>>> print(open('target.tsv').read())   # TSV, C-alpha atoms
chain	number	residue	atom	x	y	z
P	1	MET	CA	56.39	107.03	90.68
P	2	LEU	CA	58.84	104.23	91.23
P	3	ILE	CA	62.32	104.77	89.87
P	4	LEU	CA	64.86	102.08	90.58
P	5	ILE	CA	68.51	102.86	90.29
P	6	MET	CA	69.44	99.85	88.23
P	7	GLU	CA	66.55	100.25	85.82
P	8	LEU	CA	67.85	103.64	84.81
P	9	LEU	CA	71.17	102.20	83.68
P	10	GLY	CA	70.85	100.57	80.27
P	11	GLY	CA	72.53	97.27	79.58
P	12	ILE	CA	72.60	95.91	83.10
P	13	ILE	CA	69.75	93.44	82.72
P	14	ILE	CA	71.05	91.61	79.71
P	15	THR	CA	70.36	89.09	77.01
P	16	LYS	CA	72.19	85.81	77.31
P	17	LYS	CA	73.74	86.24	73.90
P	18	LYS	CA	75.53	89.43	74.90
P	19	LEU	CA	76.16	88.45	78.49
P	20	PHE	CA	79.93	88.05	78.41
P	21	PHE	CA	80.56	91.23	76.42
P	22	ILE	CA	78.44	93.29	78.77
P	23	ILE	CA	79.99	91.78	81.89
P	24	SER	CA	83.39	92.93	80.65
P	25	PHE	CA	82.04	96.37	79.85
P	26	ILE	CA	80.33	96.70	83.20
P	27	THR	CA	83.60	96.28	85.05
P	28	LEU	CA	84.83	99.52	83.50
P	29	LEU	CA	81.97	101.58	84.91
P	30	SER	CA	81.82	101.95	88.68
P	31	ILE	CA	78.39	103.55	88.50
P	32	VAL	CA	77.00	100.56	86.64
P	33	SER	CA	78.35	97.70	88.72
P	34	LEU	CA	78.77	98.15	92.46
P	35	THR	CA	81.89	96.67	94.04
P	36	GLU	CA	82.02	93.95	96.62
P	37	VAL	CA	82.34	94.70	100.32
P	38	THR	CA	85.96	95.63	100.92
P	39	THR	CA	87.83	93.73	103.60
P	40	ILE	CA	91.04	94.40	105.47
P	41	LYS	CA	94.12	93.24	103.57
P	42	ALA	CA	97.10	93.94	105.86
P	43	ALA	CA	97.47	91.87	109.01
P	44	SER	CA	96.08	93.94	111.88
P	45	LYS	CA	94.46	92.64	115.04
P	46	ILE	CA	93.03	96.08	115.72
P	47	ASN	CA	91.48	96.36	112.26
P	48	ASP	CA	90.11	92.83	112.67
P	49	TYR	CA	88.65	93.87	116.02
P	50	ILE	CA	86.98	96.91	114.44
P	51	ILE	CA	85.56	94.95	111.51
P	52	SER	CA	84.52	91.81	113.40
P	53	ASN	CA	82.72	93.87	116.04
P	54	LYS	CA	81.15	96.06	113.33
P	55	ILE	CA	82.06	99.16	115.29
P	56	LYS	CA	79.83	102.00	114.18
P	57	PRO	CA	81.54	105.40	113.86
P	58	ALA	CA	80.12	108.47	115.55
P	59	SER	CA	78.30	111.05	113.45
P	60	ILE	CA	80.30	114.04	112.24
P	61	GLN	CA	79.31	117.09	114.27
P	62	ASN	CA	79.88	120.54	112.82
P	63	GLN	CA	80.94	123.11	115.41
P	64	GLU	CA	82.24	126.12	113.52
P	65	GLY	CA	85.11	127.47	115.59
P	66	THR	CA	86.76	130.86	116.02
P	67	PHE	CA	89.38	130.47	113.29
P	68	ASN	CA	88.64	133.40	110.98
P	69	LYS	CA	91.02	132.87	108.08
P	70	TRP	CA	88.91	132.03	105.01
P	71	ASN	CA	91.52	131.12	102.41
P	72	GLY	CA	90.98	128.77	99.51
P	73	TYR	CA	93.28	125.90	98.63
P	74	ARG	CA	95.84	126.28	95.87
P	75	ASN	CA	93.20	125.00	93.42
P	76	GLY	CA	90.50	127.21	94.89
P	77	VAL	CA	87.81	127.23	97.55
P	78	GLY	CA	86.28	123.79	97.98
P	79	HIS	CA	89.13	121.98	96.24
P	80	PRO	CA	91.26	120.14	98.80
P	81	GLU	CA	93.54	117.44	97.44
P	82	GLY	CA	93.31	115.06	100.38
P	83	ILE	CA	93.70	114.75	104.14
P	84	VAL	CA	96.63	115.01	106.57
P	85	VAL	CA	96.42	112.60	109.52
P	86	HIS	CA	97.61	114.07	112.83
P	87	GLU	CA	97.53	112.96	116.46
P	88	THR	CA	97.49	115.31	119.42
P	89	SER	CA	100.55	113.96	121.33
P	90	GLU	CA	98.77	114.60	124.63
P	91	ALA	CA	96.92	111.96	126.63
P	92	ASN	CA	93.60	112.28	128.43
P	93	VAL	CA	92.28	115.27	126.47
P	94	THR	CA	89.03	114.79	124.58
P	95	ALA	CA	88.08	116.13	121.16
P	96	GLN	CA	85.81	118.70	122.79
P	97	GLN	CA	88.51	119.83	125.21
P	98	PHE	CA	90.99	120.27	122.36
P	99	THR	CA	88.38	122.13	120.34
P	100	ASP	CA	87.77	124.54	123.21
P	101	ARG	CA	91.51	125.03	123.71
P	102	PHE	CA	92.16	125.75	120.03
P	103	ASN	CA	89.23	128.12	119.76
P	104	ALA	CA	90.55	130.12	122.72
P	105	ASN	CA	94.24	130.09	121.81
P	106	TRP	CA	94.81	129.62	118.08
P	107	PRO	CA	96.22	133.14	117.48
P	108	LYS	CA	98.88	132.50	120.12
P	109	LEU	CA	99.41	128.87	119.15
P	110	GLU	CA	99.50	129.81	115.44
P	111	THR	CA	97.87	126.51	114.54
P	112	TYR	CA	94.38	125.21	113.74
P	113	VAL	CA	92.91	122.08	112.18
P	114	HIS	CA	89.63	121.13	110.57
P	115	ALA	CA	88.61	118.43	113.03
P	116	PHE	CA	89.32	116.62	116.27
P	117	VAL	CA	88.42	112.96	116.72
P	118	ASP	CA	88.38	110.77	119.82
P	119	ASN	CA	86.69	107.48	120.68
P	120	ASN	CA	83.32	109.15	121.22
P	121	GLU	CA	83.09	112.16	118.91
P	122	ILE	CA	84.03	113.59	115.53
P	123	LEU	CA	84.07	117.38	115.75
P	124	ASN	CA	84.49	119.33	112.51
P	125	ILE	CA	85.45	122.84	113.64
P	126	HIS	CA	86.31	124.65	110.40
P	127	ASN	CA	84.64	124.44	107.00
P	128	THR	CA	86.74	122.04	104.94
P	129	ASP	CA	86.22	124.19	101.83
P	130	TYR	CA	88.90	126.45	103.34
P	131	THR	CA	92.46	125.93	104.56
P	132	VAL	CA	93.82	125.76	108.11
P	133	TRP	CA	97.27	125.96	109.72
P	134	GLY	CA	98.38	122.45	110.58
P	135	ALA	CA	101.34	121.07	108.63
P	136	GLY	CA	103.28	123.91	106.97
P	137	PRO	CA	102.37	126.20	104.07
P	138	THR	CA	102.61	123.60	101.30
P	139	ALA	CA	100.46	120.97	103.00
P	140	ASN	CA	98.09	123.63	104.32
P	141	ALA	CA	97.38	124.77	100.77
P	142	ARG	CA	96.48	121.24	99.72
P	143	TYR	CA	94.94	119.26	102.56
P	144	ILE	CA	92.11	118.92	105.03
P	145	GLN	CA	93.65	118.22	108.46
P	146	VAL	CA	92.31	116.07	111.28
P	147	GLU	CA	93.71	115.43	114.77
P	148	LEU	CA	93.28	112.06	116.49
P	149	CYS	CA	93.13	112.26	120.29
P	150	ARG	CA	95.11	109.85	122.46
P	151	VAL	CA	93.13	107.33	124.49
P	152	ASN	CA	93.97	104.77	127.16
P	153	SER	CA	92.31	101.47	126.26
P	154	TYR	CA	92.36	99.02	123.38
P	155	ASP	CA	88.66	99.40	122.73
P	156	ALA	CA	88.86	103.20	122.90
P	157	PHE	CA	91.78	103.18	120.46
P	158	ALA	CA	89.83	100.99	118.05
P	159	ARG	CA	86.81	103.28	118.27
P	160	SER	CA	88.92	106.37	117.75
P	161	LEU	CA	90.48	104.80	114.64
P	162	SER	CA	87.02	103.93	113.37
P	163	ASN	CA	85.88	107.54	113.84
P	164	ASP	CA	89.03	108.92	112.22
P	165	ALA	CA	88.85	106.57	109.23
P	166	TYR	CA	85.17	107.39	108.77
P	167	TYR	CA	85.86	111.13	108.80
P	168	ILE	CA	88.68	110.75	106.28
P	169	ALA	CA	86.74	108.44	103.96
P	170	SER	CA	83.70	110.72	104.12
P	171	LYS	CA	85.75	113.77	103.19
P	172	LEU	CA	87.39	111.98	100.27
P	173	ILE	CA	83.95	111.04	98.99
P	174	GLN	CA	82.54	114.52	99.64
P	175	TYR	CA	85.19	116.08	97.42
P	176	ASN	CA	85.17	113.27	94.83
P	177	LEU	CA	88.76	112.31	95.62
P	178	PRO	CA	90.24	108.83	95.17
P	179	ASP	CA	91.70	107.02	98.15
P	180	ILE	CA	95.43	106.90	97.41
P	181	PRO	CA	97.73	106.36	100.41
P	182	GLY	CA	100.68	108.73	100.32
P	183	GLN	CA	98.87	111.05	97.94
P	184	THR	CA	95.32	111.85	99.00
P	185	VAL	CA	95.87	110.49	102.52
P	186	ILE	CA	99.16	111.37	104.20
P	187	SER	CA	100.45	111.48	107.76
P	188	HIS	CA	101.91	114.63	109.30
P	189	ALA	CA	105.20	112.72	109.26
P	190	GLN	CA	104.93	112.31	105.48
P	191	ALA	CA	104.19	116.01	105.10
P	192	SER	CA	107.23	116.90	107.22
P	193	ASN	CA	109.51	114.51	105.37
P	194	THR	CA	108.30	115.69	101.95
P	195	TRP	CA	108.31	119.47	102.34
P	196	HIS	CA	110.49	119.98	105.46
P	197	GLU	CA	108.32	122.82	106.70
P	198	THR	CA	107.56	121.12	110.03
P	199	THR	CA	109.41	118.48	112.06
P	200	HIS	CA	106.41	116.59	113.47
P	201	GLN	CA	106.33	112.83	112.92
P	202	ASP	CA	102.82	112.03	114.09
P	203	PRO	CA	100.97	109.73	114.23
P	204	VAL	CA	103.85	107.25	113.82
P	205	TYR	CA	104.96	106.92	117.44
P	206	TYR	CA	101.47	106.91	118.92
P	207	PHE	CA	100.33	104.25	116.47
P	208	SER	CA	103.39	102.14	117.31
P	209	THR	CA	102.48	102.10	121.03
P	210	TRP	CA	99.41	100.09	120.01
P	211	GLY	CA	101.30	97.86	117.54
P	212	TYR	CA	99.75	99.81	114.67
P	213	ASP	CA	101.01	101.80	111.69
P	214	MET	CA	99.90	104.01	108.79
P	215	ASP	CA	99.74	101.08	106.36
P	216	GLN	CA	97.18	99.38	108.55
P	217	PHE	CA	95.27	102.63	109.01
P	218	ASN	CA	95.22	103.14	105.25
P	219	ASP	CA	93.68	99.66	104.91
P	220	LEU	CA	90.94	100.64	107.33
P	221	ILE	CA	90.32	103.89	105.45
P	222	LYS	CA	90.10	101.98	102.16
P	223	THR	CA	87.60	99.56	103.66
P	224	TYR	CA	85.41	102.41	104.88
P	225	TYR	CA	85.82	104.39	101.66
P	226	ASN	CA	84.78	101.54	99.37
P	227	ASN	CA	81.92	100.37	101.56
P	228	LEU	CA	80.58	103.90	101.98
P	229	LYS	CA	80.61	104.43	98.23
P	230	THR	CA	78.92	101.11	97.55
P	231	TYR	CA	76.54	100.61	100.44
P	232	GLY	CA	76.47	103.89	102.33
P	233	ASP	CA	77.71	102.07	105.44
P	234	VAL	CA	81.28	101.47	106.62
P	235	ASN	CA	80.50	97.83	107.37
P	236	GLY	CA	78.94	97.15	103.97
P	237	GLN	CA	75.49	96.54	105.42
P	238	ASN	CA	72.46	97.64	103.48
P	239	ASP	CA	69.16	95.80	103.37
P	240	HIS	CA	68.47	97.32	99.96
P	241	VAL	CA	71.63	96.02	98.26
P	242	ILE	CA	72.12	92.38	97.25
P	243	LYS	CA	74.82	90.47	95.44
P	244	VAL	CA	73.70	87.60	93.20
P	245	ARG	CA	75.35	84.46	91.86
P	246	ASN	CA	74.13	81.29	90.17
P	247	LYS	CA	76.37	78.37	91.15
P	248	ASN	CA	75.05	76.27	88.28
P	249	ASP	CA	75.19	78.69	85.36
P	250	ASP	CA	76.82	81.83	84.01
P	251	PHE	CA	73.85	84.07	84.75
P	252	VAL	CA	71.09	84.57	87.31
P	253	PRO	CA	67.51	84.14	86.03
P	254	LEU	CA	64.80	86.74	86.50
P	255	VAL	CA	61.11	86.21	87.05
P	256	GLY	CA	57.94	88.26	87.04
P	257	ILE	CA	55.23	88.12	89.68
P	258	ASN	CA	51.71	88.70	88.33
P	259	THR	CA	48.71	90.12	90.16
P	260	ASP	CA	47.71	86.63	91.32
P	261	ASN	CA	51.14	86.14	92.93
P	262	GLN	CA	52.11	83.62	90.27
P	263	ILE	CA	55.75	83.33	89.24
P	264	VAL	CA	56.34	83.95	85.53
P	265	PRO	CA	59.82	83.11	84.13
P	266	ILE	CA	61.41	85.90	82.08
P	267	GLU	CA	63.16	84.62	78.98
P	268	GLY	CA	66.19	86.23	77.35
P	269	ARG	CA	67.07	88.50	80.27
P	270	ALA	CA	69.32	87.78	83.22
P	271	LEU	CA	71.69	89.23	85.79
P	272	ALA	CA	75.45	88.80	85.65
P	273	ASN	CA	77.01	86.52	88.24
P	274	ASN	CA	78.60	88.37	91.16
P	275	SER	CA	76.84	91.61	90.30
P	276	VAL	CA	75.38	93.86	93.02
P	277	TRP	CA	71.87	95.28	92.82
P	278	TYR	CA	69.62	97.78	94.51
P	279	THR	CA	66.26	96.32	95.59
P	280	ASP	CA	63.33	98.21	97.03
P	281	GLN	CA	60.91	95.36	97.75
P	282	SER	CA	60.87	91.72	98.82
P	283	LYS	CA	57.95	89.31	98.47
P	284	THR	CA	57.50	85.68	99.48
P	285	VAL	CA	55.62	83.39	97.09
P	286	ALA	CA	55.18	79.65	97.76
P	287	GLY	CA	57.84	79.75	100.44
P	288	VAL	CA	60.48	81.51	98.28
P	289	THR	CA	61.49	85.12	98.85
P	290	TYR	CA	62.03	87.30	95.77
P	291	HIS	CA	63.76	90.70	95.58
P	292	ARG	CA	62.67	93.31	93.04
P	293	VAL	CA	65.55	94.69	90.95
P	294	SER	CA	63.43	96.39	88.31
P	295	THR	CA	59.81	97.47	88.11
P	296	HIS	CA	58.52	94.08	86.91
P	297	GLU	CA	61.57	91.86	87.44
P	298	TRP	CA	62.52	89.88	90.53
P	299	VAL	CA	65.35	87.58	91.58
P	300	ALA	CA	64.98	84.67	94.00
P	301	ASP	CA	66.66	84.91	97.39
P	302	THR	CA	68.34	81.58	96.69
P	303	TYR	CA	70.67	83.42	94.29
P	304	LYS	CA	72.00	85.82	96.93
P	305	ALA	CA	75.76	85.34	97.13
>>> encode(input="target.tsv", output="structure tokens")
Amino acid sequence: MLILIMELLGGIIITKKKLFFIISFITLLSIVSLTEVTTIKAASKINDYIISNKIKPASIQNQEGTFNKWNGYRNGVGHPEGIVVHETSEANVTAQQFTDRFNANWPKLETYVHAFVDNNEILNIHNTDYTVWGAGPTANARYIQVELCRVNSYDAFARSLSNDAYYIASKLIQYNLPDIPGQTVISHAQASNTWHETTHQDPVYYFSTWGYDMDQFNDLIKTYYNNLKTYGDVNGQNDHVIKVRNKNDDFVPLVGINTDNQIVPIEGRALANNSVWYTDQSKTVAGVTYHRVSTHEWVADTYKA
């Protein structure tokens, strides 16, 4: 049986009379109206490079390590409050090499993190429902912690940032956390400067060697976070999601398509301008492509924004 996401949400396909009231109401409900593709705000050539080239992050690999301390966060098991961003401070060591090193030596090193990321891999090595030892007792009791590996080329740096931002955004979404720089996403430097339990200032210096900073990284994380929540893809690409707009009116008309492939106008119902819709089917009739947004209601491709 066909169940379309938007059909389940009452009040989205609307009467013209109540259009403006409902448009205002829709903006208050993120589940009802999907947001636009997020774009980079702060000036950053590296972020622009990542976005313009539509760099695709690596998949998150789970490799449960040897760290055997299964402690919950201060709010309980499975309740982290955000992510601490680290970098390894050592060049030419991959995520897998660091993982192997930590697994062999963490009791002596007295440190462990949840994940290592480089330009090729994202390795999650400890269940993020539980704490690790990465940034001092206070931060440890609150945050997931991820280490970014140093790389030697511009493209590799961009890809490592893409992987790191994807991991962070995914974890925020997994635990239903908002993306708030300085609160749910902090650097190790911010943890050190806030609680004074460590002296590390990463990733500030390493970022600066590439003309980059945490503000720009937070913009990339926000882009990935919003696009993942809306489209399920960091680059905002999804063939089953469309945005609609009528340049000549305040609403987008709907039509029906009968069994003889004839177009039947639907009166009294329309889509809000600049709204985003899930569609499961497309059909071309008389040279025009239509996208189904409800079981018996379609919108012409000419209204795609």
>>> residues_near_point(input="target.tsv", point="(109.2, 113.7, 109.1)", cutoff="8 Å", atoms="only C-alpha atoms", output="ChimeraX atom specification")
/P:188-194,196,198-201
>>> closest_residue(input="target.tsv", among="P:Lys54, P:Lys108, P:Arg159, P:His296", to="Val264 (chain P)", atoms="all atoms listed in the file")
P:His296
>>> atom_distance(input="target.tsv", atom1="CA of Ser294 (chain P)", atom2="CA of Thr279 (chain P)")
7.8 Å
>>> closest_residue(input="target.tsv", among="P:Thr138, P:Thr302, P:Asn273, P:Thr289", to="Glu81 (chain P)", atoms="only C-alpha atoms")
P:Thr138
>>> atom_distance(input="target.tsv", atom1="CA of Phe217 (chain P)", atom2="CA of Tyr167 (chain P)")
12.7 Å
>>> closest_residue(input="target.tsv", among="P:Tyr224, P:Tyr290, P:Phe251, P:Trp298", to="Ser275 (chain P)", atoms="all atoms listed in the file")
P:Phe251
>>> closest_residue(input="target.tsv", among="P:Gly268, P:Gly134, P:Pro203, P:Pro57", to="Ser89 (chain P)", atoms="all atoms listed in the file")
P:Pro203
>>> atom_distance(input="target.tsv", atom1="CA of Pro253 (chain P)", atom2="CA of Tyr278 (chain P)")
16.2 Å
>>> closest_residue(input="target.tsv", among="P:Ile242, P:Leu254, P:Ile51, P:Ala300", to="Ser162 (chain P)", atoms="all atoms listed in the file")
P:Ile51
